[in-house]
$ cat input.cif   # mmCIF, C-alpha atoms and all ligand atoms
data_entry
loop_
_atom_site.group_PDB
_atom_site.id
_atom_site.type_symbol
_atom_site.label_atom_id
_atom_site.label_comp_id
_atom_site.auth_asym_id
_atom_site.auth_seq_id
_atom_site.Cartn_x
_atom_site.Cartn_y
_atom_site.Cartn_z
ATOM 1 C CA MET A 1 83.205 113.108 69.565
ATOM 2 C CA THR A 2 82.780 110.835 66.571
ATOM 3 C CA LYS A 3 82.999 107.083 67.042
ATOM 4 C CA GLU A 4 86.772 106.983 67.256
ATOM 5 C CA MET A 5 89.617 109.483 67.255
ATOM 6 C CA LEU A 6 93.252 108.897 66.316
ATOM 7 C CA VAL A 7 95.812 111.345 67.694
ATOM 8 C CA GLN A 8 99.418 111.320 68.875
ATOM 9 C CA THR A 9 100.847 111.554 72.371
ATOM 10 C CA LYS A 10 103.549 114.121 73.161
ATOM 11 C CA LYS A 11 106.044 111.283 72.624
ATOM 12 C CA GLY A 12 104.748 110.679 69.099
ATOM 13 C CA GLU A 13 102.933 107.414 69.893
ATOM 14 C CA LYS A 14 99.598 106.672 68.268
ATOM 15 C CA LEU A 15 96.667 107.163 70.628
ATOM 16 C CA ARG A 16 93.223 105.807 69.878
ATOM 17 C CA ILE A 17 90.260 107.240 71.760
ATOM 18 C CA ARG A 18 86.842 105.619 71.681
ATOM 19 C CA ARG A 19 83.730 105.234 73.776
ATOM 20 C CA MET A 20 83.958 102.695 76.561
ATOM 21 C CA ARG A 21 82.208 99.352 76.031
ATOM 22 C CA PHE A 22 80.929 96.841 78.557
ATOM 23 C CA MET A 23 83.829 94.455 77.910
ATOM 24 C CA ASP A 24 86.281 97.242 78.898
ATOM 25 C CA LEU A 25 85.011 97.217 82.498
ATOM 26 C CA VAL A 26 87.830 95.249 84.104
ATOM 27 C CA GLY A 27 90.635 96.843 82.053
ATOM 28 C CA VAL A 28 89.395 100.354 82.747
ATOM 29 C CA SER A 29 88.850 99.583 86.443
ATOM 30 C CA ASN A 30 92.410 98.300 86.829
ATOM 31 C CA THR A 31 93.797 101.472 85.257
ATOM 32 C CA VAL A 32 91.626 103.595 87.575
ATOM 33 C CA TYR A 33 92.523 101.573 90.663
ATOM 34 C CA ASP A 34 96.278 101.627 89.981
ATOM 35 C CA ALA A 35 96.213 105.361 89.218
ATOM 36 C CA PHE A 36 94.372 106.235 92.445
ATOM 37 C CA LYS A 37 95.464 103.557 94.897
ATOM 38 C CA ASN A 38 98.152 105.682 96.558
ATOM 39 C CA SER A 39 95.932 108.720 96.995
ATOM 40 C CA LYS A 40 94.880 109.644 100.535
ATOM 41 C CA THR A 41 91.194 109.634 99.649
ATOM 42 C CA TRP A 42 91.242 106.139 98.111
ATOM 43 C CA HIS A 43 93.277 104.819 101.029
ATOM 44 C CA TRP A 44 90.599 106.057 103.383
ATOM 45 C CA ARG A 45 87.646 104.923 101.219
ATOM 46 C CA PHE A 46 88.959 101.348 100.887
ATOM 47 C CA GLY A 47 90.603 101.258 104.328
ATOM 48 C CA GLY A 48 90.561 97.736 105.787
ATOM 49 C CA CYS A 49 89.983 95.993 102.425
ATOM 50 C CA SER A 50 92.470 93.739 100.699
ATOM 51 C CA ASP A 51 93.845 94.717 97.288
ATOM 52 C CA ARG A 52 91.614 92.061 95.659
ATOM 53 C CA VAL A 53 88.416 93.270 97.319
ATOM 54 C CA SER A 54 89.257 96.908 96.505
ATOM 55 C CA ARG A 55 89.757 95.969 92.847
ATOM 56 C CA ILE A 56 86.447 94.083 92.739
ATOM 57 C CA LEU A 57 84.664 97.069 94.272
ATOM 58 C CA THR A 58 86.330 99.390 91.752
ATOM 59 C CA VAL A 59 84.914 97.229 88.934
ATOM 60 C CA TYR A 60 81.474 97.635 90.516
ATOM 61 C CA LEU A 61 81.913 101.420 90.831
ATOM 62 C CA THR A 62 82.994 101.633 87.175
ATOM 63 C CA LEU A 63 79.919 99.597 86.216
ATOM 64 C CA ASP A 64 77.788 102.010 88.243
ATOM 65 C CA SER A 65 79.216 104.894 86.173
ATOM 66 C CA TYR A 66 78.841 102.929 82.937
ATOM 67 C CA VAL A 67 75.106 102.352 83.383
ATOM 68 C CA ASP A 68 74.429 106.020 84.248
ATOM 69 C CA PRO A 69 72.419 107.177 81.215
ATOM 70 C CA LEU A 70 73.848 110.701 81.482
ATOM 71 C CA LYS A 71 77.471 109.669 81.501
ATOM 72 C CA ASP A 72 79.881 109.508 78.587
ATOM 73 C CA MET A 73 82.932 107.340 79.122
ATOM 74 C CA PHE A 74 86.020 107.195 76.924
ATOM 75 C CA VAL A 75 89.042 104.911 76.728
ATOM 76 C CA ALA A 76 92.453 105.908 75.380
ATOM 77 C CA SER A 77 94.698 103.128 74.013
ATOM 78 C CA THR A 78 98.293 103.169 72.839
ATOM 79 C CA THR A 79 99.687 100.383 70.673
ATOM 80 C CA THR A 80 101.095 98.702 73.778
ATOM 81 C CA ASN A 81 98.440 99.530 76.357
ATOM 82 C CA LYS A 82 94.760 99.064 75.623
ATOM 83 C CA TYR A 83 93.779 100.940 78.782
ATOM 84 C CA ALA A 84 96.234 103.826 78.848
ATOM 85 C CA GLY A 85 93.607 106.278 80.095
ATOM 86 C CA MET A 86 89.938 106.867 80.775
ATOM 87 C CA LEU A 87 87.551 109.770 81.168
ATOM 88 C CA ALA A 88 83.977 109.880 82.483
ATOM 89 C CA TYR A 89 81.885 113.033 82.341
ATOM 90 C CA LYS A 90 78.293 114.081 81.992
ATOM 91 C CA TYR A 91 76.444 117.065 80.649
ATOM 92 C CA VAL A 92 73.936 117.951 83.369
ATOM 93 C CA THR A 93 70.973 120.087 82.327
ATOM 94 C CA PRO A 94 68.169 121.186 84.656
ATOM 95 C CA LYS A 95 65.695 119.627 82.210
ATOM 96 C CA GLN A 96 66.641 116.028 81.538
ATOM 97 C CA THR A 97 64.604 114.009 79.066
ATOM 98 C CA PRO A 98 63.136 110.988 80.851
ATOM 99 C CA LYS A 99 65.038 107.753 80.204
ATOM 100 C CA PRO A 100 63.312 104.654 78.831
ATOM 101 C CA TRP A 101 62.077 102.196 81.473
ATOM 102 C CA TRP A 102 64.656 99.563 80.542
ATOM 103 C CA ARG A 103 67.537 102.010 81.236
ATOM 104 C CA GLN A 104 66.057 102.725 84.646
ATOM 105 C CA LEU A 105 65.719 98.982 85.240
ATOM 106 C CA ILE A 106 69.442 98.508 84.498
ATOM 107 C CA VAL A 107 70.296 101.290 86.988
ATOM 108 C CA TRP A 108 68.171 99.647 89.698
ATOM 109 C CA ALA A 109 69.600 96.194 88.963
ATOM 110 C CA THR A 110 73.122 97.627 89.266
ATOM 111 C CA MET A 111 72.217 99.250 92.607
ATOM 112 C CA LEU A 112 70.895 95.920 93.848
ATOM 113 C CA LEU A 113 74.029 94.142 92.672
ATOM 114 C CA GLY A 114 76.091 96.772 94.529
ATOM 115 C CA ALA A 115 74.160 96.291 97.776
ATOM 116 C CA LEU A 116 74.705 92.522 97.471
ATOM 117 C CA MET A 117 78.391 92.838 96.647
ATOM 118 C CA PHE A 118 79.218 95.210 99.497
ATOM 119 C CA TRP A 119 77.376 92.864 101.846
ATOM 120 C CA ILE A 120 79.008 89.648 100.561
ATOM 121 C CA LEU A 121 82.461 91.243 100.629
ATOM 122 C CA GLY A 122 81.867 92.609 104.138
ATOM 123 C CA ALA A 123 82.587 96.119 102.862
ATOM 124 C CA GLN A 124 79.729 98.104 104.397
ATOM 125 C CA GLN A 125 82.164 100.664 105.757
ATOM 126 C CA VAL A 126 83.496 101.281 102.233
ATOM 127 C CA ARG A 127 79.930 101.761 101.036
ATOM 128 C CA ARG A 128 79.188 104.233 103.837
ATOM 129 C CA ARG A 129 82.367 106.163 103.097
ATOM 130 C CA PHE A 130 81.558 106.432 99.402
ATOM 131 C CA GLU A 131 78.079 107.667 100.304
ATOM 132 C CA TYR A 132 79.431 110.217 102.798
ATOM 133 C CA ASN A 133 82.050 111.267 100.243
ATOM 134 C CA GLY A 134 79.263 111.730 97.661
ATOM 135 C CA VAL A 135 77.248 113.918 100.039
ATOM 136 C CA GLU A 136 80.252 116.157 100.834
ATOM 137 C CA TYR A 137 81.102 116.508 97.125
ATOM 138 C CA ARG A 138 77.462 117.364 96.449
ATOM 139 C CA LYS A 139 77.587 120.112 99.103
ATOM 140 C CA ALA A 140 80.677 121.577 97.417
ATOM 141 C CA LEU A 141 78.833 121.477 94.079
ATOM 142 C CA VAL A 142 75.783 123.235 95.582
ATOM 143 C CA GLU A 143 78.081 125.988 96.922
ATOM 144 C CA THR A 144 79.306 126.743 93.398
ATOM 145 C CA GLY A 145 75.772 127.771 92.318
ATOM 146 C CA LEU A 146 76.072 125.602 89.193
ATOM 147 C CA LEU A 147 72.838 123.750 89.982
ATOM 148 C CA GLU A 148 70.955 126.990 89.316
ATOM 149 C CA LYS A 149 72.508 127.584 85.877
ATOM 150 C CA PRO A 150 69.703 127.461 83.310
ATOM 151 C CA ASN A 151 71.901 125.754 80.711
ATOM 152 C CA GLY A 152 73.555 123.357 83.162
ATOM 153 C CA TYR A 153 77.201 122.359 83.341
ATOM 154 C CA VAL A 154 79.623 119.601 82.411
ATOM 155 C CA HIS A 155 80.634 117.393 85.335
ATOM 156 C CA VAL A 156 83.970 115.606 84.944
ATOM 157 C CA ASP A 157 83.570 112.566 87.181
ATOM 158 C CA LEU A 158 86.688 110.566 86.651
ATOM 159 C CA LEU A 159 89.978 110.942 84.835
ATOM 160 C CA ALA A 160 92.785 108.444 85.162
ATOM 161 C CA VAL A 161 95.918 107.713 83.173
ATOM 162 C CA HIS A 162 97.773 104.427 83.600
ATOM 163 C CA VAL A 163 100.819 104.868 85.831
ATOM 164 C CA ASP A 164 103.175 103.859 82.972
ATOM 165 C CA GLU A 165 101.528 106.224 80.489
ATOM 166 C CA GLN A 166 101.534 109.481 82.441
ATOM 167 C CA HIS A 167 103.274 112.720 81.290
ATOM 168 C CA LYS A 168 102.574 112.006 77.623
ATOM 169 C CA GLY A 169 99.663 114.419 77.284
ATOM 170 C CA ILE A 170 96.940 111.734 77.499
ATOM 171 C CA ALA A 171 94.953 113.491 80.255
ATOM 172 C CA GLY A 172 95.097 116.719 78.254
ATOM 173 C CA ILE A 173 93.726 114.990 75.143
ATOM 174 C CA LEU A 174 90.918 113.328 77.136
ATOM 175 C CA MET A 175 90.000 116.573 78.899
ATOM 176 C CA ASP A 176 89.698 118.280 75.490
ATOM 177 C CA ILE A 177 86.658 116.024 74.870
ATOM 178 C CA ALA A 178 84.913 117.278 78.031
ATOM 179 C CA HIS A 179 85.928 120.875 77.255
ATOM 180 C CA ASP A 180 84.581 120.594 73.693
ATOM 181 C CA CYS A 181 81.260 119.500 75.209
ATOM 182 C CA ALA A 182 81.338 122.515 77.578
ATOM 183 C CA ARG A 183 82.103 124.846 74.638
ATOM 184 C CA LYS A 184 79.362 123.300 72.509
ATOM 185 C CA HIS A 185 76.736 124.010 75.173
ATOM 186 C CA ASN A 186 78.485 127.167 76.411
ATOM 187 C CA VAL A 187 78.476 125.919 80.013
ATOM 188 C CA PRO A 188 81.196 125.632 82.698
ATOM 189 C CA SER A 189 83.055 122.413 83.394
ATOM 190 C CA PHE A 190 83.103 121.275 87.027
ATOM 191 C CA LEU A 191 85.200 118.699 88.883
ATOM 192 C CA MET A 192 86.484 117.684 92.297
ATOM 193 C CA ALA A 193 90.265 117.605 91.997
ATOM 194 C CA SER A 194 92.502 114.898 93.384
ATOM 195 C CA GLN A 195 95.839 115.847 94.917
ATOM 196 C CA ALA A 196 97.625 114.546 91.799
ATOM 197 C CA GLY A 197 95.283 116.447 89.501
ATOM 198 C CA PHE A 198 95.046 119.857 91.218
ATOM 199 C CA ASP A 199 98.098 121.596 89.676
ATOM 200 C CA MET A 200 97.301 120.113 86.282
ATOM 201 C CA TYR A 201 93.772 121.509 86.413
ATOM 202 C CA VAL A 202 95.104 124.942 87.434
ATOM 203 C CA HIS A 203 97.439 124.711 84.427
ATOM 204 C CA MET A 204 94.397 123.922 82.239
ATOM 205 C CA GLY A 205 92.609 127.043 83.514
ATOM 206 C CA TYR A 206 90.402 125.655 86.304
ATOM 207 C CA LYS A 207 89.698 127.842 89.346
ATOM 208 C CA HIS A 208 89.282 126.556 92.884
ATOM 209 C CA VAL A 209 85.778 127.689 93.922
ATOM 210 C CA SER A 210 84.774 125.638 96.972
ATOM 211 C CA THR A 211 86.042 122.807 99.147
ATOM 212 C CA ALA A 212 84.687 119.499 100.401
ATOM 213 C CA VAL A 213 86.139 118.508 103.767
ATOM 214 C CA LEU A 214 86.343 114.738 104.184
ATOM 215 C CA ILE A 215 86.578 113.622 107.792
ATOM 216 C CA ASP A 216 87.477 110.156 109.062
ATOM 217 C CA GLU A 217 84.441 109.149 111.111
ATOM 218 C CA ARG A 218 86.508 107.054 113.554
ATOM 219 C CA THR A 219 89.298 109.483 114.404
ATOM 220 C CA GLY A 220 87.690 112.824 113.499
ATOM 221 C CA ASP A 221 90.823 113.651 111.477
ATOM 222 C CA VAL A 222 90.541 115.482 108.176
ATOM 223 C CA VAL A 223 91.246 112.976 105.416
ATOM 224 C CA ARG A 224 91.494 115.658 102.796
ATOM 225 C CA ASN A 225 90.253 119.094 101.777
ATOM 226 C CA SER A 226 89.050 118.313 98.253
ATOM 227 C CA PRO A 227 88.931 121.318 95.936
ATOM 228 C CA ALA A 228 85.899 121.870 93.691
ATOM 229 C CA MET A 229 87.076 123.522 90.476
ATOM 230 C CA ILE A 230 85.445 125.288 87.550
ATOM 231 C CA TRP A 231 86.610 125.979 84.007
ATOM 232 C CA GLU A 232 84.770 128.532 81.825
ATOM 233 C CA PRO A 233 84.656 128.118 78.040
ATOM 234 C CA LYS A 234 84.645 131.883 77.520
ATOM 235 C CA ASP A 235 88.154 132.014 79.035
ATOM 236 C CA HIS A 236 89.285 129.185 76.721
ATOM 237 C CA PRO A 237 87.718 129.597 73.288
ATOM 238 C CA ALA A 238 88.308 126.753 70.821
ATOM 239 C CA VAL A 239 91.515 126.953 68.836
ATOM 240 C CA SER A 240 90.592 126.479 65.175
ATOM 241 C CA LYS A 241 92.171 123.282 63.908
HETATM 242 C C1 LIG B 1 96.526 113.548 86.995
HETATM 243 C C2 LIG B 1 96.711 112.646 85.766
HETATM 244 C C3 LIG B 1 95.340 112.346 85.170
HETATM 245 C C4 LIG B 1 97.589 113.383 84.730
HETATM 246 O O1 LIG B 1 97.677 112.590 83.551
HETATM 247 P P1 LIG B 1 98.824 112.803 82.464
HETATM 248 O O2 LIG B 1 98.427 112.075 81.225
HETATM 249 O O3 LIG B 1 100.134 112.482 83.052
HETATM 250 O O4 LIG B 1 98.751 114.389 82.206
HETATM 251 P P2 LIG B 1 99.183 115.126 80.860
HETATM 252 O O5 LIG B 1 100.551 114.678 80.483
HETATM 253 O O6 LIG B 1 98.123 114.962 79.825
HETATM 254 O O7 LIG B 1 99.186 116.653 81.281
HETATM 255 C C5 LIG B 1 98.226 117.555 80.768
HETATM 256 C C6 LIG B 1 98.750 118.962 80.913
HETATM 257 O O8 LIG B 1 98.846 119.309 82.285
HETATM 258 C C7 LIG B 1 100.182 119.602 82.635
HETATM 259 N N1 LIG B 1 100.459 119.009 83.922
HETATM 260 C C8 LIG B 1 100.404 117.699 84.250
HETATM 261 N N2 LIG B 1 100.710 117.543 85.551
HETATM 262 C C9 LIG B 1 100.939 118.796 86.034
HETATM 263 C C10 LIG B 1 101.300 119.311 87.315
HETATM 264 N N3 LIG B 1 101.461 118.506 88.363
HETATM 265 N N4 LIG B 1 101.450 120.632 87.460
HETATM 266 C C11 LIG B 1 101.269 121.476 86.413
HETATM 267 N N5 LIG B 1 100.937 121.046 85.166
HETATM 268 C C12 LIG B 1 100.784 119.728 84.999
HETATM 269 C C13 LIG B 1 101.040 118.973 81.542
HETATM 270 O O9 LIG B 1 102.273 119.627 81.397
HETATM 271 C C14 LIG B 1 100.154 119.151 80.336
HETATM 272 O O10 LIG B 1 100.229 120.485 79.897
HETATM 273 P P3 LIG B 1 100.428 120.882 78.350
HETATM 274 O O11 LIG B 1 99.305 120.203 77.609
HETATM 275 O O12 LIG B 1 100.330 122.370 78.351
HETATM 276 O O13 LIG B 1 101.758 120.363 77.952
HETATM 277 C C15 LIG B 1 97.440 111.334 86.127
HETATM 278 O O14 LIG B 1 98.621 111.652 86.813
HETATM 279 C C16 LIG B 1 96.601 110.396 86.984
HETATM 280 O O15 LIG B 1 95.836 109.587 86.458
HETATM 281 N N6 LIG B 1 96.759 110.499 88.339
HETATM 282 C C17 LIG B 1 96.033 109.668 89.281
HETATM 283 C C18 LIG B 1 94.529 109.827 89.176
HETATM 284 C C19 LIG B 1 94.092 111.275 89.336
HETATM 285 O O16 LIG B 1 94.490 111.945 90.271
HETATM 286 N N7 LIG B 1 93.238 111.750 88.408
HETATM 287 C C20 LIG B 1 92.675 113.065 88.431
HETATM 288 C C21 LIG B 1 91.327 112.959 89.013
HETATM 289 S S1 LIG B 1 90.642 114.450 89.583
#
$ encode --input "input.cif" --output "structure tokens" --more "lines below"
Ligand SMILES: CC(C)(COP(=O)(O)OP(=O)(O)OC[C@H]1O[C@@H](n2cnc3c(N)ncnc32)[C@H](O)[C@@H]1OP(=O)(O)O)[C@@H](O)C(=O)NCCC(=O)NCCS
Amino acid sequence: MTKEMLVQTKKGEKLRIRRMRFMDLVGVSNTVYDAFKNSKTWHWRFGGCSDRVSRILTVYLTLDSYVDPLKDMFVASTTTNKYAGMLAYKYVTPKQTPKPWWRQLIVWATMLLGALMFWILGAQQVRRRFEYNGVEYRKALVETGLLEKPNGYVHVDLLAVHVDEQHKGIAGILMDIAHDCARKHNVPSFLMASQAGFDMYVHMGYKHVSTAVLIDERTGDVVRNSPAMIWEPKDHPAVSK
């Protein structure tokens, strides 16, 4: 995508899409937190934390995504809402070009900051749950066979639309950016669907290919069966504009 894109929502409002900047961290995190806070998975991940602590940790997790050298993050703004939506995805290739030392230093510094924050906020359980969640999602990804694809795949990490801005087509417009990347490299797009997102992704042409089972370590109950989904560019060729 070029530096900035101007489109219209289904309701005819102007929508500006641009790359995320550092100063967007808190705004984007609030949109993400509010969009996900009622989901079963987020309830479990942040279980026992106050709203304030959960928001602070969400800012840290957004920062963690932001410093990932592979990740592209976008912000969608309407005239009334600067943080109407966000998308984070990465193009993962088996052969990654090594990153400069200073990028690696930023990643390590962010990890250190995270360790400190989780400790200060007394949120070690949240940290452990995110790690466990990451491992289970990784297993579901391995099962898809995508890690063996010579040309790689696009991984959609996070998509969120502000609760007041949903049903206007914003998620569809943001997902077009990730799908254009998948078409450009002729690789599949992969994601782990939330409960709110599953039917939408099916509508977009994603197929459920494997499942990550998240289990509450205290009760042994299944928190959620999270579907891993794949979209193939050959099934959705670009519509000439
Ligand atoms: C899921 C979410 C991103 C959808 O955002 P949105 O902006 O309301 O979605 P859109 O209006 O852009 O919908 C995109 C398309 O999917 C369709 N769609 C949306 N929800 C759907 C549903 N539940 N079932 C079937 N189709 C659906 C829309 O009709 C639209 O189709 P069209 O382009 O053919 O008209 C938003 O509800 C959200 O942020 N939820 C909480 C966070 C979350 O779960 N994110 C997904 C992470 S995996």
$ residues_near_ligand --input "input.cif" --ligand "ligand LIG 1 (chain B)" --cutoff "9 Å" --atoms "all atoms listed in the file" --output "ChimeraX atom specification"
/A:9-10,31-39,84-86,156-163,165-175,191-204
$ residues_near_point --input "input.cif" --point "(79.1, 125.7, 71.9)" --cutoff "12 Å" --atoms "only C-alpha atoms" --output "list in words"
Asn151, Ala178, His179, Asp180, Cys181, Ala182, Arg183, Lys184, His185, Asn186, Val187, Pro188, Glu232, Pro233, Lys234, His236, Pro237 and Ala238 of chain A
$ write_last_selection --input "input.cif" --atoms "C-alpha atoms" --output "CSV table (one decimal), in the coordinates of the input"
chain,number,residue,atom,x,y,z
A,151,ASN,CA,71.9,125.8,80.7
A,178,ALA,CA,84.9,117.3,78.0
A,179,HIS,CA,85.9,120.9,77.3
A,180,ASP,CA,84.6,120.6,73.7
A,181,CYS,CA,81.3,119.5,75.2
A,182,ALA,CA,81.3,122.5,77.6
A,183,ARG,CA,82.1,124.8,74.6
A,184,LYS,CA,79.4,123.3,72.5
A,185,HIS,CA,76.7,124.0,75.2
A,186,ASN,CA,78.5,127.2,76.4
A,187,VAL,CA,78.5,125.9,80.0
A,188,PRO,CA,81.2,125.6,82.7
A,232,GLU,CA,84.8,128.5,81.8
A,233,PRO,CA,84.7,128.1,78.0
A,234,LYS,CA,84.6,131.9,77.5
A,236,HIS,CA,89.3,129.2,76.7
A,237,PRO,CA,87.7,129.6,73.3
A,238,ALA,CA,88.3,126.8,70.8
$ axis_aligned_box --input "input.cif" --around "segment 155-165 of chain A" --padding-each-side "5 Å" --output "lines of an AutoDock Vina configuration file"
center_x = 91.9
center_y = 110.6
center_z = 83.8
size_x = 32.5
size_y = 23.5
size_z = 16.7
$ atom_distance --input "input.cif" --atom1 "atom CA of Phe46 of chain A" --atom2 "atom CA of Gln124 of chain A"
10.4 Å
$ resolve_selection --input "input.cif" --expression "the PyMOL selection byres (((chain A and resi 59-61) around 8) and not hetatm)" --output "number ranges by chain"
A: 25-26, 29-30, 55-58, 62-65, 114
$ write_last_selection --input "input.cif" --atoms "C-alpha atoms" --output "PDB file, keeping the file's coordinate frame"
ATOM      1  CA  LEU A  25      85.011  97.217  82.498  1.00  0.00           C
ATOM      2  CA  VAL A  26      87.830  95.249  84.104  1.00  0.00           C
ATOM      3  CA  SER A  29      88.850  99.583  86.443  1.00  0.00           C
ATOM      4  CA  ASN A  30      92.410  98.300  86.829  1.00  0.00           C
ATOM      5  CA  ARG A  55      89.757  95.969  92.847  1.00  0.00           C
ATOM      6  CA  ILE A  56      86.447  94.083  92.739  1.00  0.00           C
ATOM      7  CA  LEU A  57      84.664  97.069  94.272  1.00  0.00           C
ATOM      8  CA  THR A  58      86.330  99.390  91.752  1.00  0.00           C
ATOM      9  CA  THR A  62      82.994 101.633  87.175  1.00  0.00           C
ATOM     10  CA  LEU A  63      79.919  99.597  86.216  1.00  0.00           C
ATOM     11  CA  ASP A  64      77.788 102.010  88.243  1.00  0.00           C
ATOM     12  CA  SER A  65      79.216 104.894  86.173  1.00  0.00           C
ATOM     13  CA  GLY A 114      76.091  96.772  94.529  1.00  0.00           C
TER      14      GLY A 114
END
